[in-house]
Structure formats: C-alpha cells, structure tokens
>>> print(open('run_27.txt').read())   # compact mmCIF, C-alpha atoms and all ligand atoms
# COMPACT_ATOMS: atom_id res chain seq x y z
CA MET A 207 0.00 0.00 0.00
CA PRO A 208 1.17 3.55 -0.64
CA SER A 209 2.08 5.66 2.38
CA ALA A 210 -0.94 6.83 4.37
CA ALA A 211 0.33 10.37 3.86
CA ARG A 212 -0.40 10.13 0.16
CA ARG A 213 -4.06 9.88 -0.85
CA PRO A 214 -4.18 7.60 -3.90
CA LEU A 215 -5.24 9.21 -7.17
CA ILE A 216 -7.07 7.16 -9.78
CA SER A 217 -7.41 9.13 -13.03
CA GLY A 218 -9.39 8.32 -16.14
CA ASN A 219 -7.78 9.64 -19.32
CA TRP A 220 -10.57 9.38 -21.86
CA LYS A 221 -8.30 10.51 -24.73
CA MET A 222 -10.39 11.34 -27.86
CA ASN A 223 -13.47 9.42 -26.73
CA HIS A 224 -16.98 10.34 -25.45
CA ASN A 225 -18.94 13.33 -26.76
CA HIS A 226 -20.44 15.62 -24.12
CA PHE A 227 -23.64 13.58 -23.81
CA GLU A 228 -21.67 10.38 -23.25
CA ALA A 229 -19.40 12.22 -20.82
CA ILE A 230 -22.35 13.37 -18.70
CA GLN A 231 -23.78 9.85 -18.60
CA SER A 232 -20.42 8.43 -17.67
CA VAL A 233 -19.80 10.70 -14.66
CA GLN A 234 -23.39 10.30 -13.46
CA LYS A 235 -23.02 6.54 -13.56
CA LEU A 236 -19.65 6.76 -11.85
CA SER A 237 -21.08 8.85 -9.02
CA TYR A 238 -23.88 6.33 -8.60
CA LEU A 239 -21.38 3.45 -8.42
CA LEU A 240 -18.94 5.06 -5.98
CA ASP A 241 -20.16 5.90 -2.50
CA LYS A 242 -18.93 8.68 -0.23
CA ASP A 243 -16.56 6.46 1.77
CA GLU A 244 -14.96 5.13 -1.39
CA LEU A 245 -14.47 8.65 -2.73
CA ALA A 246 -13.00 9.71 0.61
CA ALA A 247 -10.40 6.92 0.57
CA VAL A 248 -9.31 7.46 -3.02
CA GLU A 249 -9.27 10.61 -5.10
CA VAL A 250 -10.79 10.08 -8.54
CA SER A 251 -10.30 12.37 -11.53
CA VAL A 252 -11.77 12.24 -15.02
CA HIS A 253 -10.06 13.81 -18.04
CA PRO A 254 -12.59 14.28 -20.84
CA PRO A 255 -11.91 15.95 -24.20
CA PHE A 256 -12.03 19.78 -24.19
CA THR A 257 -15.52 19.88 -25.73
CA ASP A 258 -16.93 17.98 -22.73
CA LEU A 259 -15.29 19.92 -19.92
CA ARG A 260 -17.99 22.52 -19.34
CA SER A 261 -20.75 19.88 -19.35
CA VAL A 262 -18.88 17.63 -16.93
CA GLN A 263 -18.03 20.56 -14.66
CA THR A 264 -21.72 21.50 -14.48
CA VAL A 265 -22.77 17.95 -13.53
CA LEU A 266 -20.02 17.54 -10.92
CA GLU A 267 -20.79 20.87 -9.29
CA SER A 268 -24.59 20.84 -9.43
CA ASP A 269 -24.81 17.26 -8.14
CA HIS A 270 -21.98 17.77 -5.58
CA ILE A 271 -20.03 14.82 -6.95
CA ASP A 272 -16.63 14.45 -5.30
CA ILE A 273 -14.74 13.63 -8.51
CA ALA A 274 -12.02 15.99 -9.69
CA LEU A 275 -12.18 17.48 -13.17
CA GLY A 276 -9.06 16.98 -15.27
CA ALA A 277 -7.83 17.97 -18.72
CA GLN A 278 -5.58 16.03 -21.08
CA HIS A 279 -3.47 18.82 -22.48
CA CYS A 280 -3.05 22.59 -22.83
CA HIS A 281 -0.89 25.33 -24.32
CA PHE A 282 1.64 27.21 -22.19
CA ALA A 283 0.50 30.75 -23.04
CA ASP A 284 -2.28 32.56 -21.21
CA LYS A 285 -3.80 33.67 -24.53
CA GLY A 286 -2.81 34.61 -28.06
CA ALA A 287 -2.66 33.62 -31.71
CA PHE A 288 -2.38 29.85 -31.28
CA THR A 289 -5.10 28.43 -33.50
CA GLY A 290 -6.74 25.37 -32.04
CA GLU A 291 -5.06 25.57 -28.64
CA VAL A 292 -6.56 25.97 -25.17
CA SER A 293 -4.85 27.97 -22.42
CA PRO A 294 -4.27 26.96 -18.79
CA LEU A 295 -6.30 29.98 -17.65
CA MET A 296 -9.31 28.75 -19.63
CA LEU A 297 -9.04 25.37 -17.93
CA ALA A 298 -8.61 26.91 -14.48
CA LYS A 299 -11.77 28.96 -15.09
CA LEU A 300 -13.68 25.66 -15.45
CA ASN A 301 -12.34 24.51 -12.07
CA VAL A 302 -10.07 21.95 -13.69
CA ARG A 303 -7.84 20.53 -10.94
CA TYR A 304 -5.45 18.24 -12.81
CA VAL A 305 -3.87 18.58 -16.24
CA ILE A 306 -2.01 15.71 -17.90
CA VAL A 307 1.22 16.94 -19.46
CA GLY A 308 3.82 15.10 -21.52
CA HIS A 309 1.62 12.10 -22.29
CA SER A 310 3.54 9.77 -24.60
CA GLU A 311 0.90 10.27 -27.30
CA ARG A 312 1.65 14.01 -27.22
CA ARG A 313 5.38 13.34 -27.17
CA GLU A 314 5.41 10.67 -29.89
CA VAL A 315 2.55 11.73 -32.19
CA PHE A 316 2.71 15.50 -31.78
CA GLY A 317 6.45 15.84 -31.24
CA GLU A 318 6.35 17.47 -27.78
CA GLY A 319 9.84 17.43 -26.26
CA ASP A 320 11.02 17.84 -22.67
CA GLU A 321 11.46 21.61 -22.96
CA LEU A 322 7.91 22.19 -24.20
CA VAL A 323 6.52 19.78 -21.60
CA ASN A 324 8.27 21.78 -18.88
CA LYS A 325 6.93 25.10 -20.21
CA LYS A 326 3.40 23.70 -20.13
CA LEU A 327 3.88 22.21 -16.67
CA LEU A 328 5.03 25.56 -15.27
CA ALA A 329 2.05 27.29 -16.90
CA ILE A 330 -0.35 24.73 -15.39
CA VAL A 331 1.08 25.36 -11.91
CA ARG A 332 1.04 29.15 -12.44
CA ALA A 333 -2.66 28.89 -13.24
CA GLY A 334 -3.25 27.16 -9.89
CA MET A 335 -3.79 23.61 -11.22
CA LEU A 336 -1.87 20.41 -10.55
CA PRO A 337 0.16 18.71 -13.28
CA ILE A 338 0.21 14.98 -13.97
CA LEU A 339 3.60 14.62 -15.65
CA CYS A 340 3.81 11.47 -17.79
CA VAL A 341 7.13 9.69 -18.26
CA GLY A 342 8.04 6.29 -19.65
CA GLU A 343 10.13 4.28 -22.06
CA THR A 344 9.51 2.56 -25.40
CA LEU A 345 9.90 -1.18 -25.77
CA ALA A 346 13.24 -0.68 -27.55
CA GLU A 347 14.50 1.44 -24.66
CA ARG A 348 13.38 -1.15 -22.11
CA GLU A 349 15.11 -3.92 -24.05
CA ALA A 350 18.26 -1.79 -24.38
CA GLY A 351 18.27 -1.29 -20.59
CA THR A 352 17.89 2.50 -20.82
CA THR A 353 14.55 2.85 -18.99
CA GLY A 354 16.16 4.40 -15.92
CA ARG A 355 18.16 6.92 -17.91
CA LYS A 356 15.12 8.06 -19.90
CA VAL A 357 12.77 8.33 -16.92
CA ASP A 358 15.44 10.17 -14.90
CA ARG A 359 15.83 12.70 -17.71
CA GLN A 360 12.09 13.19 -18.22
CA VAL A 361 11.43 13.73 -14.51
CA ARG A 362 14.29 16.25 -14.12
CA ALA A 363 13.36 18.16 -17.26
CA GLY A 364 9.63 18.07 -16.56
CA LEU A 365 9.78 19.34 -12.99
CA ALA A 366 12.55 21.92 -13.54
CA GLY A 367 11.77 25.32 -12.07
CA LEU A 368 9.20 24.16 -9.50
CA SER A 369 9.67 24.95 -5.82
CA PRO A 370 9.85 21.95 -3.43
CA GLU A 371 6.30 22.80 -2.26
CA GLN A 372 5.05 22.73 -5.86
CA VAL A 373 6.81 19.43 -6.51
CA ALA A 374 5.17 17.98 -3.40
CA THR A 375 1.68 18.55 -4.82
CA ALA A 376 2.53 17.44 -8.37
CA VAL A 377 1.78 13.99 -9.73
CA VAL A 378 4.11 11.90 -11.88
CA ALA A 379 2.64 9.09 -13.98
CA TYR A 380 4.98 6.29 -15.01
CA GLU A 381 3.54 4.96 -18.26
CA PRO A 382 5.73 2.53 -20.17
CA ILE A 383 4.80 3.20 -23.79
CA TRP A 384 4.78 -0.49 -24.68
CA ALA A 385 2.04 -1.06 -22.08
CA ILE A 386 -0.34 1.64 -23.32
CA GLY A 387 -3.41 0.26 -25.07
CA THR A 388 -1.67 -3.04 -25.70
CA GLY A 389 -3.09 -5.19 -22.92
CA ARG A 390 0.50 -5.74 -21.75
CA THR A 391 1.03 -4.39 -18.24
CA ALA A 392 4.33 -3.97 -16.49
CA THR A 393 4.54 -6.40 -13.58
CA ALA A 394 3.78 -4.74 -10.27
CA ALA A 395 7.43 -5.30 -9.28
CA ASP A 396 8.77 -3.67 -12.48
CA ALA A 397 6.41 -0.71 -12.08
CA GLN A 398 7.42 -0.36 -8.42
CA GLU A 399 11.10 -0.35 -9.38
CA VAL A 400 10.65 2.59 -11.77
CA CYS A 401 8.40 4.45 -9.30
CA VAL A 402 11.18 4.13 -6.69
CA LEU A 403 13.55 5.65 -9.21
CA VAL A 404 11.13 8.53 -9.86
CA ARG A 405 10.88 9.19 -6.13
CA SER A 406 14.65 9.17 -5.73
CA VAL A 407 15.05 11.69 -8.57
CA VAL A 408 12.40 13.89 -6.92
CA LYS A 409 14.35 13.65 -3.66
CA GLU A 410 17.51 14.86 -5.38
CA LEU A 411 15.62 17.69 -7.07
CA ALA A 412 13.36 18.91 -4.30
CA GLY A 413 14.32 17.20 -1.05
CA ALA A 414 13.00 14.43 1.18
CA ASP A 415 9.69 16.09 2.11
CA ALA A 416 8.69 16.61 -1.51
CA ALA A 417 9.73 13.04 -2.36
CA ALA A 418 7.61 11.66 0.47
CA ALA A 419 4.60 13.71 -0.65
CA VAL A 420 4.70 13.48 -4.46
CA ARG A 421 2.18 11.01 -5.85
CA ILE A 422 3.34 8.58 -8.50
CA GLN A 423 0.81 6.79 -10.68
CA TYR A 424 1.27 3.79 -12.90
CA GLY A 425 -0.41 3.78 -16.32
CA GLY A 426 -0.58 1.22 -19.12
CA SER A 427 -3.38 -1.35 -19.56
CA VAL A 428 -4.62 -1.00 -15.98
CA THR A 429 -7.72 -3.16 -15.37
CA PRO A 430 -9.88 -4.11 -12.37
CA ASP A 431 -7.83 -7.32 -12.19
CA ASN A 432 -4.30 -5.97 -12.20
CA VAL A 433 -4.94 -2.80 -10.16
CA VAL A 434 -4.94 -4.79 -6.92
CA GLY A 435 -1.35 -5.97 -7.35
CA LEU A 436 -0.16 -2.57 -8.56
CA MET A 437 -1.73 -0.70 -5.63
CA ALA A 438 -0.17 -3.15 -3.17
CA GLU A 439 3.26 -1.68 -4.02
CA PRO A 440 4.53 0.95 -1.58
CA ASP A 441 5.58 3.54 -4.18
CA ILE A 442 2.60 3.30 -6.53
CA ASP A 443 0.09 5.91 -5.40
CA GLY A 444 -2.55 5.53 -8.06
CA ALA A 445 -3.29 4.75 -11.67
CA LEU A 446 -3.69 6.67 -14.92
CA VAL A 447 -6.25 4.63 -16.81
CA GLY A 448 -7.05 4.85 -20.52
CA GLY A 449 -9.33 2.26 -22.15
CA ALA A 450 -10.76 0.81 -18.94
CA SER A 451 -11.86 4.28 -17.74
CA LEU A 452 -14.33 4.67 -20.62
CA ASP A 453 -16.70 2.20 -19.05
CA ALA A 454 -18.03 3.48 -15.70
CA ASP A 455 -18.36 -0.04 -14.28
CA SER A 456 -14.75 -0.98 -14.95
CA PHE A 457 -13.45 2.43 -13.85
CA ALA A 458 -15.43 2.20 -10.59
CA ALA A 459 -13.98 -1.28 -10.09
CA ILE A 460 -10.46 0.12 -10.58
CA ALA A 461 -11.13 3.04 -8.22
CA THR A 462 -12.10 0.55 -5.51
CA TYR A 463 -9.15 -1.73 -6.30
CA GLY A 464 -11.39 -4.43 -7.69
CA GLN A 465 -13.62 -4.57 -4.58
CA ARG A 466 -16.58 -3.47 -6.64
CA GLY A 467 -17.23 -5.90 -9.49
CA ALA A 468 -16.71 -4.70 -13.07
CA ASP A 469 -20.24 -5.68 -14.13
P1 LIG B 1 -4.53 2.28 -21.47
O1 LIG B 1 -5.05 2.14 -20.06
O2 LIG B 1 -5.62 2.22 -22.51
O3 LIG B 1 -3.39 1.35 -21.74
O4 LIG B 1 -3.94 3.78 -21.59
C1 LIG B 1 -3.04 4.21 -20.64
C2 LIG B 1 -2.83 5.66 -20.84
O5 LIG B 1 -2.23 6.09 -21.81
C3 LIG B 1 -3.39 6.57 -19.83
O6 LIG B 1 -2.89 7.87 -19.98
>>> encode(input="run_27.txt", output="structure tokens")
Amino acid sequence: MPSAARRPLISGNWKMNHNHFEAIQSVQKLSYLLDKDELAAVEVSVHPPFTDLRSVQTVLESDHIDIALGAQHCHFADKGAFTGEVSPLMLAKLNVRYVIVGHSERREVFGEGDELVNKKLLAIVRAGMLPILCVGETLAEREAGTTGRKVDRQVRAGLAGLSPEQVATAVVAYEPIWAIGTGRTATAADAQEVCVLVRSVVKELAGADAAAAVRIQYGGSVTPDNVVGLMAEPDIDGALVGGASLDADSFAAIATYGQRGAD
C-alpha cells in the first residue's frame, strides 16, 4: 500500500473518446457506483476531451459529486494567436484541478519534447492547477536497458523550475509506452522499481519532504484485475487509466481496487 500520507489518485484519461452527452452519462453513472466512503479513501479524476469539460463541470458541481475534473493537455501561453489551442487559464476557469502533461501520445505523435513539456507544466502550476507529468520508455528502450536513464531525464526536465512545495503537490505518472493500449502491463514489481527511481530523482531535485509527498501513478493497460497488485506496491500511489476508464463499471472497479465488481 502507498504511504498513508499520500491519498491515492485514480485518473481516467478518456483521450479522444466520449462526446459531451456520453461524458455526462459516464460521470453520473460513476457517481452512482462510488459511495462517499470510497471517494474519501481514493481521489478520482476524469479527463474528458475539451468539448466535454464545461458539461462535466456542471454535472459535478450541481450534483456535488466528489470527482475531480481533469484535462488532457493545454498550451503554455495565457492567450494569443495559437489556432486550435486551449490555455491553462481557460481550464482553471472551469475549475479543472489536474492537467495531464507530456503524455507519450503528445510526445510521440505531436512531437512534444522535454522543454515544451516543462513550459506547459510551469504554466499549469502558475494557473493554480496540478500537473500529472507522464514519463516512460519505449519497448526498444526497455530492451536496451535504458529505462532508468530516460525516466530520470524526463522527470528532471519536466519538474525543472518548480519549488519543493510545488513538486510535493505534483503527480508523476509512469507509463511505459509499450504497455499503453496493448493489454501488456508492467509487472507490479517492475512498475514499483521505476516508481522508486522517480521518487529518488524527486528527492535529489526537491528534497525528502517533496519526495515523500509526491504522488506517483502507474499507467498502461490497468484493469480491475491488475490494479490490486499494482496498488499493493509501496511507491505506486494511483493509476492513470485509458481504455478501462471509458466504461463506468470498470473504472469504478479500478477506483475501488477491484472490490466493486466490473459488471
Ligand atoms: P490504457 O489504459 O488504454 O493502456 O492507456 C493508458 C494511458 O495512456 C493513460 O494515460
């Protein structure tokens, strides 16, 4: 189990799925499936596409649902001539709490490098939101034995410029790229090993208090079945869930570590 000082965070990254009607249905079903005690023990966030954010915000707030609103991405500027982009201030205005930054799909498909990821992360924090910084290696890097080197670099570059207090409230998600959407999960022991490395890098960067407080998620084919083993590891403080978060039943089962059945 993660340290009692760190409240686990289970996040659903919906990627480019669910229109705003489907999004509303999904959070309403989720709130029906998860009771108050469950939502007190574990923090749950949902990260819908931009077009759904306002609708989901309205449902969460009007029905007093204790699920945090998250975004998947943003620009680093407050405003300006950036066609198609959305600014951190716009997200903050919708009471977005968490913003995913540096997801491997943004890095690999849209060419976002460490420097840009860091600029966005700093802008997210400046706007009063909490970043979920994604890091992780490709299969080739894992096989070449360079996982540690890559994750070390991504954590240092991503968190650069934050104060120790800001690092303490940030979230890092270890998502091995080969495990995303493939049905292949890292073993709990392998995931734990990399999460220990992330925490040790955070300690070097920001000190022991920040390292003890920072939450580290695992992501990559998380399911109601494998979440139990992952969450039993001391340095895994939550999960960043893609495919299995689209179905409210399976996401509720993950958020309760499999205690609530997936159907
Ligand atoms: P899957 O859970 O579909 O493998 O996706 C993981 C992910 O990329 C979450 O950000």
>>> residues_near_ligand(input="run_27.txt", ligand="ligand LIG 1 (chain B)", cutoff="8 Å", atoms="all atoms listed in the file", output="list of chain:residue names")
A:Gly218, A:Asn219, A:Trp220, A:Lys221, A:His309, A:Ser310, A:Glu311, A:Cys340, A:Glu381, A:Ile383, A:Ala385, A:Ile386, A:Gly387, A:Thr388, A:Gly389, A:Gly425, A:Gly426, A:Ser427, A:Val428, A:Thr429, A:Leu446, A:Val447, A:Gly448, A:Gly449, A:Ala450, A:Ser451
>>> residues_around(input="run_27.txt", residues="Gly367 in chain A", least_positions_apart="3", cutoff="10 Å", atoms="all atoms listed in the file", output="list in words")
Asn324, Lys325, Leu327, Leu328, Arg362, Ala363, Gly364, Pro370, Gln372, Val373 and Leu411 of chain A
>>> write_last_selection(input="run_27.txt", atoms="C-alpha atoms", output="mmCIF file, in the coordinates of the input")
data_model
loop_
_atom_site.group_PDB
_atom_site.id
_atom_site.type_symbol
_atom_site.label_atom_id
_atom_site.label_comp_id
_atom_site.auth_asym_id
_atom_site.auth_seq_id
_atom_site.Cartn_x
_atom_site.Cartn_y
_atom_site.Cartn_z
ATOM 1 C CA ASN A 324 8.270 21.780 -18.880
ATOM 2 C CA LYS A 325 6.930 25.100 -20.210
ATOM 3 C CA LEU A 327 3.880 22.210 -16.670
ATOM 4 C CA LEU A 328 5.030 25.560 -15.270
ATOM 5 C CA ARG A 362 14.290 16.250 -14.120
ATOM 6 C CA ALA A 363 13.360 18.160 -17.260
ATOM 7 C CA GLY A 364 9.630 18.070 -16.560
ATOM 8 C CA PRO A 370 9.850 21.950 -3.430
ATOM 9 C CA GLN A 372 5.050 22.730 -5.860
ATOM 10 C CA VAL A 373 6.810 19.430 -6.510
ATOM 11 C CA LEU A 411 15.620 17.690 -7.070
#
>>> closest_atom_pairs(input="run_27.txt", of="range 303-358 of chain A", to="range 238-262 of chain A", cutoff="10 Å", atoms="all atoms listed in the file", output="Markdown table")
| residue | atom | partner | partner_atom | distance |
| --- | --- | --- | --- | --- |
| A:Arg303 | CA | A:Ser251 | CA | 8.5 |
| A:Tyr304 | CA | A:Ser251 | CA | 7.7 |
| A:Val305 | CA | A:His253 | CA | 8.0 |
| A:Ile306 | CA | A:His253 | CA | 8.3 |
>>> write_last_selection(input="run_27.txt", atoms="C-alpha atoms", output="tab-separated table (two decimals), in the coordinates of the input")
chain	number	residue	atom	x	y	z
A	303	ARG	CA	-7.84	20.53	-10.94
A	304	TYR	CA	-5.45	18.24	-12.81
A	305	VAL	CA	-3.87	18.58	-16.24
A	306	ILE	CA	-2.01	15.71	-17.90
>>> closest_residue(input="run_27.txt", among="A:Ser369, A:Asn301, A:Ser293, A:Gln231", to="His279 in chain A", atoms="all atoms listed in the file")
A:Ser293
>>> atom_distance(input="run_27.txt", atom1="CA of Leu266 in chain A", atom2="CA of Ile422 in chain A")
25.1 Å
>>> residues_around(input="run_27.txt", residues="Arg313 in chain A", least_positions_apart="5", cutoff="12 Å", atoms="all atoms listed in the file", output="count of residues only")
17
>>> atom_distance(input="run_27.txt", atom1="CA of Val434 in chain A", atom2="CA of Tyr463 in chain A")
5.2 Å
>>> closest_residue(input="run_27.txt", among="A:Val233, A:Val404, A:Leu365, A:Ala211", to="Leu452 in chain A", atoms="only C-alpha atoms")
A:Val233
>>> residues_near_point(input="run_27.txt", point="(2.7, -0.4, -1.8)", cutoff="12 Å", atoms="all atoms listed in the file", output="list in words")
Met207, Pro208, Ser209, Ala210, Arg212, Pro214, Ala394, Ala395, Ala397, Gln398, Glu399, Cys401, Val402, Ile422, Gln423, Tyr424, Val433, Val434, Gly435, Leu436, Met437, Ala438, Glu439, Pro440, Asp441, Ile442, Asp443 and Gly444 of chain A
>>> write_last_selection(input="run_27.txt", atoms="C-alpha atoms", output="compact mmCIF listing (two decimals), in the frame of the given file")
# COMPACT_ATOMS: atom_id res chain seq x y z
CA MET A 207 0.00 0.00 0.00
CA PRO A 208 1.17 3.55 -0.64
CA SER A 209 2.08 5.66 2.38
CA ALA A 210 -0.94 6.83 4.37
CA ARG A 212 -0.40 10.13 0.16
CA PRO A 214 -4.18 7.60 -3.90
CA ALA A 394 3.78 -4.74 -10.27
CA ALA A 395 7.43 -5.30 -9.28
CA ALA A 397 6.41 -0.71 -12.08
CA GLN A 398 7.42 -0.36 -8.42
CA GLU A 399 11.10 -0.35 -9.38
CA CYS A 401 8.40 4.45 -9.30
CA VAL A 402 11.18 4.13 -6.69
CA ILE A 422 3.34 8.58 -8.50
CA GLN A 423 0.81 6.79 -10.68
CA TYR A 424 1.27 3.79 -12.90
CA VAL A 433 -4.94 -2.80 -10.16
CA VAL A 434 -4.94 -4.79 -6.92
CA GLY A 435 -1.35 -5.97 -7.35
CA LEU A 436 -0.16 -2.57 -8.56
CA MET A 437 -1.73 -0.70 -5.63
CA ALA A 438 -0.17 -3.15 -3.17
CA GLU A 439 3.26 -1.68 -4.02
CA PRO A 440 4.53 0.95 -1.58
CA ASP A 441 5.58 3.54 -4.18
CA ILE A 442 2.60 3.30 -6.53
CA ASP A 443 0.09 5.91 -5.40
CA GLY A 444 -2.55 5.53 -8.06
>>> closest_residue(input="run_27.txt", among="A:Asn432, A:Gly413, A:Ser232, A:Gly351", to="Thr393 in chain A", atoms="all atoms listed in the file")
A:Asn432
>>> atom_distance(input="run_27.txt", atom1="CA of Ala274 in chain A", atom2="CA of Thr375 in chain A")
14.8 Å
